[in-house]
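Data block for my_file14.cif (mmCIF, C-alpha atoms):
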data_run
loop_
_atom_site.label_atom_id
_atom_site.label_comp_id
_atom_site.auth_asym_id
_atom_site.auth_seq_id
_atom_site.Cartn_x
_atom_site.Cartn_y
_atom_site.Cartn_z
CA MET O 1 0.00 0.00 0.00
CA MET O 2 0.98 3.61 -0.43
CA ALA O 3 2.33 5.09 2.77
CA LYS O 4 0.10 7.65 4.43
CA VAL O 5 1.48 10.65 6.24
CA ILE O 6 -0.76 11.88 9.05
CA VAL O 7 -0.26 15.02 11.08
CA VAL O 8 -1.79 15.02 14.56
CA THR O 9 -2.38 18.67 15.35
CA SER O 10 -4.59 21.04 17.35
CA GLY O 11 -3.18 24.54 17.72
CA LYS O 12 -3.88 24.52 21.43
CA GLY O 13 -1.55 22.74 23.81
CA GLY O 14 -2.55 20.09 26.31
CA VAL O 15 -5.52 18.70 24.39
CA GLY O 16 -3.98 15.27 23.83
CA LYS O 17 -1.93 15.36 20.61
CA THR O 18 0.94 13.29 21.95
CA THR O 19 -1.34 10.88 23.81
CA SER O 20 -3.42 10.44 20.65
CA THR O 21 -0.39 10.00 18.38
CA ALA O 22 0.98 7.30 20.68
CA ALA O 23 -2.40 5.57 21.03
CA LEU O 24 -3.30 5.64 17.32
CA GLY O 25 0.22 4.64 16.30
CA ALA O 26 0.17 1.61 18.60
CA ALA O 27 -3.37 0.66 17.53
CA LEU O 28 -2.41 0.74 13.83
CA ALA O 29 0.80 -1.22 14.51
CA LYS O 30 -1.06 -3.86 16.50
CA SER O 31 -3.13 -4.67 13.46
CA GLY O 32 0.08 -5.50 11.61
CA GLN O 33 0.68 -2.18 9.87
CA LYS O 34 4.20 -0.77 9.79
CA VAL O 35 4.04 2.49 11.71
CA VAL O 36 6.48 5.25 12.61
CA VAL O 37 5.60 8.11 14.93
CA ILE O 38 7.67 11.30 14.61
CA ASP O 39 7.94 13.90 17.35
CA PHE O 40 8.12 17.39 15.80
CA ASP O 41 8.17 19.21 19.13
CA VAL O 42 11.81 20.29 18.99
CA GLY O 43 13.03 21.34 22.42
CA LEU O 44 10.00 19.94 24.24
CA ARG O 45 9.92 16.33 23.15
CA ASN O 46 7.54 14.06 25.02
CA LEU O 47 6.45 11.33 22.65
CA ASP O 48 9.46 9.29 23.83
CA LEU O 49 8.27 9.59 27.43
CA VAL O 50 4.63 8.74 26.71
CA ARG O 51 5.89 5.77 24.68
CA GLY O 52 8.27 4.62 27.41
CA ALA O 53 11.33 4.98 25.16
CA GLU O 54 12.93 7.98 26.89
CA ARG O 55 16.01 6.07 27.98
CA ARG O 56 16.73 4.71 24.53
CA VAL O 57 17.01 7.96 22.58
CA VAL O 58 20.42 8.32 20.90
CA PHE O 59 19.83 10.30 17.71
CA ASP O 60 16.85 12.41 16.74
CA LEU O 61 14.96 14.01 13.86
CA ILE O 62 17.34 16.99 13.69
CA ASN O 63 20.38 14.73 13.53
CA VAL O 64 18.81 12.97 10.55
CA VAL O 65 17.69 16.22 8.88
CA GLN O 66 21.20 17.63 9.27
CA GLY O 67 22.79 14.43 7.99
CA GLU O 68 24.57 13.72 11.28
CA ALA O 69 22.90 10.34 11.68
CA LYS O 70 21.33 7.77 9.39
CA LEU O 71 17.58 7.35 9.64
CA ALA O 72 17.97 3.73 10.69
CA GLN O 73 20.21 4.81 13.59
CA ALA O 74 17.66 7.29 14.90
CA LEU O 75 14.57 5.08 14.71
CA ILE O 76 13.68 3.39 18.00
CA ARG O 77 11.75 0.17 17.61
CA ASP O 78 9.02 -0.48 20.17
CA LYS O 79 9.72 -3.36 22.55
CA ARG O 80 6.07 -4.43 22.72
CA VAL O 81 4.97 -4.10 19.09
CA ASP O 82 7.76 -4.71 16.61
CA THR O 83 6.06 -2.98 13.68
CA LEU O 84 6.06 0.31 15.61
CA SER O 85 8.98 2.77 15.57
CA LEU O 86 9.65 6.20 17.01
CA LEU O 87 11.67 9.06 15.56
CA PRO O 88 12.25 11.36 18.52
CA ALA O 89 12.60 15.15 18.48
CA SER O 90 15.76 16.86 19.60
CA GLN O 91 15.65 18.12 23.16
CA THR O 92 18.59 20.49 22.89
CA ARG O 93 18.70 21.84 19.34
CA ASP O 94 16.87 24.85 17.99
CA LYS O 95 13.79 24.34 15.86
CA ASP O 96 15.42 26.48 13.16
CA ALA O 97 17.56 23.43 12.43
CA LEU O 98 14.41 21.92 10.86
CA THR O 99 14.30 22.75 7.18
CA ILE O 100 11.52 22.02 4.74
CA GLU O 101 13.97 20.22 2.43
CA GLY O 102 15.35 18.19 5.32
CA VAL O 103 11.88 17.17 6.47
CA GLU O 104 10.93 16.21 2.92
CA LYS O 105 14.00 13.98 2.64
CA VAL O 106 13.19 12.20 5.91
CA ILE O 107 9.50 11.74 5.02
CA THR O 108 10.38 10.43 1.55
CA GLU O 109 12.75 7.87 3.06
CA LEU O 110 10.17 6.85 5.69
CA ARG O 111 7.49 6.38 3.02
CA GLU O 112 9.53 3.50 1.61
CA LYS O 113 9.79 1.70 4.93
CA PHE O 114 6.40 2.26 6.59
CA ASP O 115 2.66 2.13 5.88
CA TRP O 116 1.81 4.95 8.27
CA ILE O 117 3.85 7.98 9.25
CA LEU O 118 2.30 9.86 12.18
CA CYS O 119 3.66 13.35 12.82
CA ASP O 120 3.05 14.62 16.33
CA SER O 121 2.81 18.40 15.96
CA PRO O 122 3.89 20.86 18.64
CA ALA O 123 1.25 23.28 19.92
CA GLY O 124 0.99 26.71 18.34
CA ILE O 125 1.15 27.83 14.73
CA GLU O 126 4.88 28.46 14.52
CA LYS O 127 7.55 26.71 12.50
CA GLY O 128 7.41 23.36 14.32
CA ALA O 129 3.67 23.07 13.71
CA THR O 130 3.85 24.12 10.06
CA MET O 131 6.75 21.69 9.45
CA ALA O 132 4.80 18.83 11.03
CA MET O 133 1.80 19.43 8.75
CA HIS O 134 3.65 20.35 5.55
CA TYR O 135 3.93 16.94 3.89
CA ALA O 136 0.81 15.39 5.43
CA ASP O 137 -1.75 13.55 3.29
CA LEU O 138 -4.27 13.64 6.10
CA ALA O 139 -4.73 15.60 9.30
CA VAL O 140 -6.15 14.45 12.61
CA ILE O 141 -7.30 17.50 14.53
CA VAL O 142 -7.46 16.87 18.25
CA THR O 143 -10.07 19.00 19.97
CA ASN O 144 -11.43 19.20 23.49
CA PRO O 145 -15.11 20.13 23.94
CA GLU O 146 -14.10 23.58 25.14
CA VAL O 147 -14.28 27.00 23.46
CA SER O 148 -10.56 27.83 23.23
CA SER O 149 -9.70 24.43 21.82
CA VAL O 150 -12.43 24.64 19.15
CA ARG O 151 -11.31 28.13 18.15
CA ASP O 152 -7.68 27.03 17.79
CA SER O 153 -8.74 23.98 15.79
CA ASP O 154 -10.54 26.28 13.38
CA ARG O 155 -7.35 28.26 12.97
CA ILE O 156 -5.33 25.10 12.31
CA ILE O 157 -7.88 23.94 9.72
CA GLY O 158 -7.30 27.27 7.95
CA LEU O 159 -3.53 26.65 7.91
CA LEU O 160 -3.95 23.06 6.68
CA ASP O 161 -6.01 24.38 3.78
CA SER O 162 -3.56 27.11 2.83
CA LYS O 163 0.02 26.39 3.89
CA THR O 164 0.62 22.66 3.37
CA ALA O 165 2.29 21.13 0.32
CA ARG O 166 -1.08 19.70 -0.75
CA ALA O 167 -2.86 23.02 -0.37
CA VAL O 168 -0.15 24.84 -2.34
CA LYS O 169 -0.55 22.30 -5.17
CA GLY O 170 -4.31 22.88 -5.10
CA GLU O 171 -5.03 19.38 -3.77
CA ARG O 172 -7.50 18.59 -1.04
CA MET O 173 -6.23 17.95 2.47
CA ASP O 174 -8.21 15.26 4.24
CA LYS O 175 -9.11 16.45 7.73
CA HIS O 176 -10.60 14.40 10.54
CA LEU O 177 -11.75 15.48 13.95
CA LEU O 178 -10.78 13.55 17.07
CA ILE O 179 -12.64 14.79 20.12
CA THR O 180 -10.81 13.96 23.33
CA ARG O 181 -11.67 14.30 27.02
CA PHE O 182 -15.37 14.08 26.23
CA ASP O 183 -17.75 13.60 29.14
CA PRO O 184 -21.13 12.35 27.83
CA ALA O 185 -22.91 12.99 31.12
CA ARG O 186 -21.79 16.62 31.30
CA ALA O 187 -22.67 17.18 27.64
CA GLU O 188 -26.11 15.70 28.28
CA ARG O 189 -26.62 18.13 31.18
CA GLY O 190 -25.70 21.05 28.92
CA GLU O 191 -22.45 21.75 30.75
CA MET O 192 -20.20 20.78 27.85
CA LEU O 193 -20.32 21.43 24.11
CA LYS O 194 -22.12 18.59 22.38
CA ILE O 195 -20.46 16.56 19.61
CA ASP O 196 -22.97 17.92 17.08
CA ASP O 197 -22.19 21.52 18.09
CA ILE O 198 -18.47 20.99 17.50
CA LEU O 199 -19.07 19.20 14.19
CA GLU O 200 -21.37 21.95 13.00
CA ILE O 201 -18.85 24.65 13.88
CA LEU O 202 -15.71 22.98 12.49
CA ALA O 203 -17.47 21.22 9.59
CA ILE O 204 -15.03 18.32 9.20
CA PRO O 205 -15.78 14.58 9.51
CA LEU O 206 -15.52 12.87 12.89
CA LEU O 207 -12.80 10.27 13.38
CA GLY O 208 -13.58 9.36 16.97
CA ILE O 209 -14.72 10.41 20.41
CA ILE O 210 -12.34 9.65 23.25
CA PRO O 211 -14.10 9.76 26.61
CA GLU O 212 -12.49 11.44 29.59
CA SER O 213 -10.90 8.73 31.68
CA PRO O 214 -8.37 8.36 34.50
CA GLN O 215 -6.85 5.46 32.54
CA VAL O 216 -5.22 7.92 30.11
CA LEU O 217 -3.05 9.39 32.87
CA THR O 218 -2.23 5.94 34.18
CA ALA O 219 -1.00 4.92 30.73
CA SER O 220 1.25 7.97 30.38
CA ASN O 221 2.52 7.48 33.94
CA VAL O 222 3.87 4.07 33.00
CA GLY O 223 5.02 5.07 29.51
CA SER O 224 2.68 2.84 27.56
CA PRO O 225 0.13 4.03 24.98
CA ILE O 226 -3.42 3.50 26.25
CA THR O 227 -4.11 1.12 23.36
CA LEU O 228 -1.33 -1.16 24.65
CA ASN O 229 -1.68 -0.53 28.36
CA SER O 230 -5.48 -0.82 28.64
CA PRO O 231 -6.84 -1.83 25.24
CA GLU O 232 -10.16 -2.78 26.83
CA SER O 233 -10.64 0.55 28.62
CA ALA O 234 -13.17 3.02 27.23
CA PRO O 235 -10.52 5.36 25.74
CA GLY O 236 -8.54 2.33 24.51
CA ARG O 237 -11.52 1.00 22.57
CA ALA O 238 -12.31 4.47 21.24
CA TYR O 239 -8.75 4.82 19.89
CA PHE O 240 -8.95 1.37 18.27
CA ASP O 241 -12.19 2.43 16.57
CA ALA O 242 -10.51 5.61 15.32
CA ALA O 243 -7.52 3.63 14.01
CA LYS O 244 -9.87 1.26 12.15
CA ARG O 245 -11.60 4.25 10.56
CA LEU O 246 -8.21 5.52 9.41
CA MET O 247 -7.69 2.13 7.76
CA GLY O 248 -10.93 2.62 5.88
CA GLU O 249 -13.39 0.64 7.98
CA THR O 250 -16.86 2.05 8.54
CA LEU O 251 -17.91 1.68 12.15
CA PRO O 252 -20.88 3.13 13.99
CA MET O 253 -19.79 6.11 16.10
CA ARG O 254 -20.01 5.13 19.74
CA ILE O 255 -18.76 6.64 22.93
CA PRO O 256 -17.40 3.70 24.86
CA SER O 257 -18.04 3.70 28.58
CA GLU O 258 -16.09 1.92 31.29
CA ARG O 259 -17.06 -1.69 31.74
CA LYS O 260 -17.68 -2.12 35.42
CA SER O 261 -16.73 -5.32 37.14
CA LEU O 262 -19.33 -7.08 39.26
CA LEU O 263 -17.67 -5.76 42.41
CA GLY O 264 -17.53 -2.32 40.86
CA LYS O 265 -21.23 -2.45 40.11
CA LEU O 266 -22.00 -3.58 43.64
CA PHE O 267 -19.94 -0.84 45.23
CA GLY O 268 -20.68 1.81 42.65
CA ARG O 269 -17.13 2.38 41.54
CA ARG O 270 -14.48 0.85 39.39
CA VAL O 271 -12.25 -1.75 40.97
CA ALA O 272 -8.69 -1.31 39.77
CA MET Y 273 -25.94 25.77 45.53
CA SER Y 274 -29.51 26.14 46.64
CA LEU Y 275 -32.33 24.01 45.32
CA LEU Y 276 -33.69 27.02 43.43
CA ASP Y 277 -30.33 27.54 41.71
CA PHE Y 278 -30.37 23.93 40.69
CA PHE Y 279 -33.68 24.24 38.89
CA THR Y 280 -33.13 27.66 37.34
CA ARG Y 281 -29.55 27.09 36.22
CA ARG Y 282 -29.11 27.71 32.49
CA SER Y 283 -26.85 25.29 30.78
CA SER Y 284 -23.62 26.88 29.57
CA ALA Y 285 -22.97 24.72 26.51
CA PRO Y 286 -25.40 26.62 24.23
CA VAL Y 287 -23.72 29.86 25.27
CA ALA Y 288 -20.35 28.37 24.33
CA ARG Y 289 -21.70 27.27 20.95
CA ASP Y 290 -23.21 30.68 20.14
CA ARG Y 291 -20.07 32.56 21.17
CA LEU Y 292 -17.92 30.31 19.04
CA GLN Y 293 -20.16 30.60 16.00
CA ILE Y 294 -20.04 34.39 16.08
CA LEU Y 295 -16.31 34.59 16.77
CA LEU Y 296 -15.34 32.11 14.06
CA ALA Y 297 -17.61 33.66 11.47
CA HIS Y 298 -15.61 36.86 11.94
CA GLU Y 299 -12.20 35.22 12.16
CA ARG Y 300 -12.79 33.23 8.97
CA SER Y 301 -14.08 36.12 6.89
CA ALA Y 302 -11.60 38.83 7.73
CA GLY Y 303 -7.96 38.01 8.26
CA SER Y 304 -7.15 41.71 7.94
CA ASP Y 305 -10.05 42.81 10.14
CA SER Y 306 -7.79 44.47 12.70
CA ASN Y 307 -5.97 46.32 9.90
CA LEU Y 308 -9.23 47.61 8.53
CA ILE Y 309 -10.22 49.03 11.89
CA ASN Y 310 -6.81 50.65 12.29
CA ARG Y 311 -7.12 52.28 8.86
CA LEU Y 312 -10.67 53.42 9.53
CA GLN Y 313 -9.66 54.92 12.84
CA GLU Y 314 -6.71 56.70 11.26
CA GLU Y 315 -8.70 58.16 8.38
CA ILE Y 316 -11.66 59.23 10.51
CA LEU Y 317 -9.34 60.98 12.95
CA GLN Y 318 -7.54 62.75 10.11
CA VAL Y 319 -10.84 64.16 8.86
CA ILE Y 320 -11.82 65.38 12.30
CA ALA Y 321 -8.34 66.76 13.00
CA LYS Y 322 -8.77 69.13 10.07
CA HIS Y 323 -11.49 70.86 12.02
CA MET Y 324 -10.44 70.57 15.63
CA ALA Y 325 -7.55 69.60 17.85
CA ILE Y 326 -7.78 66.05 19.08
CA ASP Y 327 -5.99 64.56 22.05
CA ARG Y 328 -4.94 61.16 20.70
CA ASP Y 329 -4.84 59.71 24.22
CA LYS Y 330 -8.54 60.46 24.60
CA VAL Y 331 -9.75 58.56 21.57
CA ILE Y 332 -11.53 55.35 22.49
CA VAL Y 333 -12.19 52.73 19.83
CA LYS Y 334 -14.65 49.95 20.54
CA VAL Y 335 -15.76 47.09 18.34
CA ASP Y 336 -18.65 44.77 19.03
CA ARG Y 337 -18.79 41.79 16.67
CA GLY Y 338 -22.32 40.45 16.49
CA LYS Y 339 -24.07 37.70 14.61
CA ALA Y 340 -26.04 39.82 12.14
CA MET Y 341 -24.03 43.03 12.37
CA SER Y 342 -21.05 44.58 14.08
CA THR Y 343 -20.57 48.06 15.43
CA LEU Y 344 -17.51 50.24 15.37
CA GLU Y 345 -17.61 53.00 17.93
CA ILE Y 346 -15.04 55.78 17.99
CA ASP Y 347 -15.29 58.06 20.99
CA ILE Y 348 -13.45 61.34 20.59
CA GLU Y 349 -13.28 63.73 23.45
CA MET Y 350 -13.76 67.29 22.21
CA PRO Y 351 -12.03 70.09 24.05
CA ALA Y 352 -14.44 72.39 25.93
CA CYS Y 353 -13.31 75.49 24.02
CA GLY Y 354 -10.43 76.84 21.97
CA GLY Y 355 -9.98 73.53 20.25
CA ARG Y 356 -11.39 74.79 17.00
CA LEU Y 357 -8.97 75.25 14.17
CA GLY Y 358 -11.10 77.99 12.68
CA THR Y 359 -12.55 76.56 9.49
CA GLY Y 360 -15.54 74.80 11.10
CA ASN Y 361 -19.12 76.01 10.80
#
Represent the supplied structure as structure tokens.
Amino acid sequence: MMAKVIVVTSGKGGVGKTTSTAALGAALAKSGQKVVVIDFDVGLRNLDLVRGAERRVVFDLINVVQGEAKLAQALIRDKRVDTLSLLPASQTRDKDALTIEGVEKVITELREKFDWILCDSPAGIEKGATMAMHYADLAVIVTNPEVSSVRDSDRIIGLLDSKTARAVKGERMDKHLLITRFDPARAERGEMLKIDDILEILAIPLLGIIPESPQVLTASNVGSPITLNSPESAPGRAYFDAAKRLMGETLPMRIPSERKSLLGKLFGRRVA
Amino acid sequence: MSLLDFFTRRSSAPVARDRLQILLAHERSAGSDSNLINRLQEEILQVIAKHMAIDRDKVIVKVDRGKAMSTLEIDIEMPACGGRLGTGN
């Protein structure tokens, strides 16, 4: 198959880009696809930490872009899923060391080796973010059901449609919305933007709804994507659904809820 | 929260949706919106300055972006007397 380059972006920080990149990457890889996740957040890398690979970083994206290391030397293969690799960001170098030509060279080389290339964008609309989206075929826009996040997503959609390589060539950029930290009960009570409100405002198709869950923090605490650490949890299942949609499956949109154990049901809370 | 508050509380999500719709309608349509207002302010003040002295620190510009229409309000404090430059009516 032709490799697909996906940018995971949002504009706003802290909405779950890195968590979602790690979770989707692992979900795709678990179904046998060859996946690489690239951290574009130069100076503030975190994908390595969320993936539990922080102690194995030797070379990074900038080293490869600058020709100081071979791509194969910089890629870190996941210990749990062997079709999953990570290309970390540099923690010490300046983001100006990223050049559009350098990024193109790396992406072109990765396209030959992988089925999916997931680019984890930094927050903001500066160079790091525009580099991460530049060569994307498809964008996953991570949005929280909250006014500032929706506004920033709208801004990012504007950039995707005007500044990327595809946009410049006059081609269509596929954009998909991933709503994270959704609380169905609060939305039902009118305390949180509803899914339909967000879809109407942003006017892009929905890739998935990730429910708010304490399991997401637990997964990042231990350095394991939620789709590996708790694949049966509500957010885990929601990310698997989203990954299947990326692979072209049509699934009914559901908001998974936590499955309570018998004890949990009896005592009204989840038993860990 | 009293029981009355509980029953009369308006949900905030529709407010969020309406605010976003208005804001984004403006942000999408006019990238140079702020420039336009700057130019308008500058030109309007130039016209008025032909006829009277204006203290630039006492010019207040307000914009209210609404759903159906927006308003631009420019408040210019006029000196009590002696501010005239002579050519006015």
Selection dump of the PyMOL selection byres ((chain O and resi 181) around 12), as a ChimeraX atom specification: /O:14-17,19-20,142-146,149,178-180,182-184,186-187,192-193,195,208-217,234-235,238,255
Explicit residues for the PyMOL selection byres ((chain O) within 9 of (chain Y)) (as a PyMOL selection string): chain O and resi 146-148+150-151+154-155+158+187+189-194+197-198+201
Picked residues, the PyMOL selection byres ((chain Y and resi 347) around 9), as JSON, numbers by chain: {"Y": [330, 331, 332, 333, 334, 345, 346, 348, 349]}
Atom CA of Ala132 of chain O to atom CA of Asp196 of chain O, distance in Å rounded to a single decimal: 28.4 Å
Asp241 of chain O surroundings by all atoms listed in the file, 12 Å radius, close-in-sequence under 2 positions cut, as a VMD selection string: chain O and resid 23 to 24 27 to 28 31 178 206 to 210 227 231 to 232 234 to 239 243 to 256
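Going from atom CA of Gly11 of chain O over to atom CA of Ser153 of chain O, you cover 5.9 Å.
Between His176 of chain O and the residues O:Glu54, O:Glu126, O:Asp152, O:Asp137, the shortest atom-to-atom distance, using only C-alpha atoms, involves O:Asp137.
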For Gly43 of chain O, the nearest of the candidates O:Thr218, O:Ser90, O:Gln73, O:Asn229, counting all atoms listed in the file: O:Ser90
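Put simply, atom CA of Gly338 of chain Y is 26.3 Å away from atom CA of Ser10 of chain O.
Considering all atoms listed in the file, the residue among Y:Arg337, Y:Arg328, Y:Pro351, Y:Ser342 positioned nearest to Gln313 of chain Y is Y:Arg328.
Counting only C-alpha atoms, the residue from O:Leu177, O:Ala89, O:Leu84, O:Ile226 that sits nearest to Leu199 of chain O is O:Leu177.
The nearest approach to Asp115 of chain O among the residues O:Lys12, O:Ser230, O:Gly32, O:Gln66, with only C-alpha atoms taken into account, belongs to O:Gly32.
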Distance query Leu49 of chain O at most 10 Å, all atoms listed in the file, self and fewer than 6 positions along chain excluded, as a PyMOL selection string: chain O and resi 18+55+88+220-224
Among the residues O:Met133, O:Ala219, O:Ala22, O:Lys34, the one that comes closest to Asp82 of chain O [using all atoms listed in the file]: O:Lys34
Output file: segment 74-104 of chain O, N, CA and C atoms, as an mmCIF file, in the first residue's frame:
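Final file, out_10.cif:
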data_model
loop_
_atom_site.group_PDB
_atom_site.id
_atom_site.type_symbol
_atom_site.label_atom_id
_atom_site.label_comp_id
_atom_site.auth_asym_id
_atom_site.auth_seq_id
_atom_site.Cartn_x
_atom_site.Cartn_y
_atom_site.Cartn_z
ATOM 1 N N ALA O 74 18.484 6.444 14.030
ATOM 2 C CA ALA O 74 17.662 7.289 14.897
ATOM 3 C C ALA O 74 16.330 6.639 15.274
ATOM 4 N N LEU O 75 15.864 5.714 14.433
ATOM 5 C CA LEU O 75 14.565 5.075 14.705
ATOM 6 C C LEU O 75 14.676 4.148 15.921
ATOM 7 N N ILE O 76 13.706 4.257 16.811
ATOM 8 C CA ILE O 76 13.677 3.391 17.995
ATOM 9 C C ILE O 76 12.504 2.431 17.855
ATOM 10 N N ARG O 77 12.808 1.154 17.788
ATOM 11 C CA ARG O 77 11.745 0.172 17.607
ATOM 12 C C ARG O 77 11.076 -0.129 18.951
ATOM 13 N N ASP O 78 9.767 -0.218 18.939
ATOM 14 C CA ASP O 78 9.025 -0.478 20.168
ATOM 15 C C ASP O 78 9.291 -1.894 20.664
ATOM 16 N N LYS O 79 9.410 -2.036 21.991
ATOM 17 C CA LYS O 79 9.719 -3.355 22.552
ATOM 18 C C LYS O 79 8.498 -4.256 22.614
ATOM 19 N N ARG O 80 7.297 -3.637 22.589
ATOM 20 C CA ARG O 80 6.067 -4.430 22.724
ATOM 21 C C ARG O 80 5.477 -4.797 21.379
ATOM 22 N N VAL O 81 5.539 -3.847 20.427
ATOM 23 C CA VAL O 81 4.972 -4.100 19.093
ATOM 24 C C VAL O 81 6.100 -3.856 18.087
ATOM 25 N N ASP O 82 6.540 -4.905 17.398
ATOM 26 C CA ASP O 82 7.762 -4.714 16.615
ATOM 27 C C ASP O 82 7.546 -4.021 15.269
ATOM 28 N N THR O 83 6.284 -3.731 14.914
ATOM 29 C CA THR O 83 6.064 -2.983 13.679
ATOM 30 C C THR O 83 5.929 -1.478 13.953
ATOM 31 N N LEU O 84 6.215 -1.100 15.199
ATOM 32 C CA LEU O 84 6.058 0.309 15.612
ATOM 33 C C LEU O 84 7.429 0.923 15.911
ATOM 34 N N SER O 85 7.707 2.072 15.299
ATOM 35 C CA SER O 85 8.976 2.766 15.569
ATOM 36 C C SER O 85 8.724 4.224 15.935
ATOM 37 N N LEU O 86 9.728 4.793 16.589
ATOM 38 C CA LEU O 86 9.649 6.196 17.005
ATOM 39 C C LEU O 86 10.846 6.954 16.452
ATOM 40 N N LEU O 87 10.578 8.146 15.906
ATOM 41 C CA LEU O 87 11.669 9.059 15.558
ATOM 42 C C LEU O 87 11.542 10.248 16.498
ATOM 43 N N PRO O 88 12.428 10.323 17.503
ATOM 44 C CA PRO O 88 12.249 11.364 18.519
ATOM 45 C C PRO O 88 12.646 12.753 18.029
ATOM 46 N N ALA O 89 12.178 13.771 18.753
ATOM 47 C CA ALA O 89 12.597 15.152 18.478
ATOM 48 C C ALA O 89 13.886 15.403 19.242
ATOM 49 N N SER O 90 14.574 16.463 18.861
ATOM 50 C CA SER O 90 15.760 16.856 19.603
ATOM 51 C C SER O 90 15.326 17.636 20.834
ATOM 52 N N GLN O 91 15.992 17.408 21.939
ATOM 53 C CA GLN O 91 15.648 18.121 23.156
ATOM 54 C C GLN O 91 16.499 19.377 23.317
ATOM 55 N N THR O 92 17.636 19.414 22.636
ATOM 56 C CA THR O 92 18.590 20.495 22.889
ATOM 57 C C THR O 92 18.737 21.463 21.722
ATOM 58 N N ARG O 93 18.443 20.998 20.504
ATOM 59 C CA ARG O 93 18.700 21.845 19.343
ATOM 60 C C ARG O 93 17.568 22.853 19.145
ATOM 61 N N ASP O 94 17.848 23.818 18.303
ATOM 62 C CA ASP O 94 16.873 24.849 17.993
ATOM 63 C C ASP O 94 15.972 24.365 16.873
ATOM 64 N N LYS O 95 14.701 24.814 16.896
ATOM 65 C CA LYS O 95 13.787 24.335 15.863
ATOM 66 C C LYS O 95 14.127 24.906 14.480
ATOM 67 N N ASP O 96 14.984 25.941 14.449
ATOM 68 C CA ASP O 96 15.419 26.476 13.161
ATOM 69 C C ASP O 96 16.263 25.468 12.388
ATOM 70 N N ALA O 97 16.776 24.462 13.108
ATOM 71 C CA ALA O 97 17.560 23.426 12.433
ATOM 72 C C ALA O 97 16.668 22.551 11.553
ATOM 73 N N LEU O 98 15.346 22.644 11.734
ATOM 74 C CA LEU O 98 14.411 21.921 10.862
ATOM 75 C C LEU O 98 14.249 22.710 9.576
ATOM 76 N N THR O 99 14.531 22.072 8.456
ATOM 77 C CA THR O 99 14.304 22.752 7.176
ATOM 78 C C THR O 99 13.270 21.969 6.388
ATOM 79 N N ILE O 100 12.572 22.660 5.518
ATOM 80 C CA ILE O 100 11.524 22.022 4.739
ATOM 81 C C ILE O 100 12.123 20.938 3.833
ATOM 82 N N GLU O 101 13.317 21.212 3.296
ATOM 83 C CA GLU O 101 13.974 20.216 2.425
ATOM 84 C C GLU O 101 14.388 19.004 3.242
ATOM 85 N N GLY O 102 14.911 19.281 4.444
ATOM 86 C CA GLY O 102 15.352 18.189 5.319
ATOM 87 C C GLY O 102 14.191 17.304 5.717
ATOM 88 N N VAL O 103 13.069 17.929 6.069
ATOM 89 C CA VAL O 103 11.881 17.170 6.474
ATOM 90 C C VAL O 103 11.377 16.344 5.292
ATOM 91 N N GLU O 104 11.390 16.938 4.110
ATOM 92 C CA GLU O 104 10.931 16.214 2.923
ATOM 93 C C GLU O 104 11.773 14.958 2.689
#
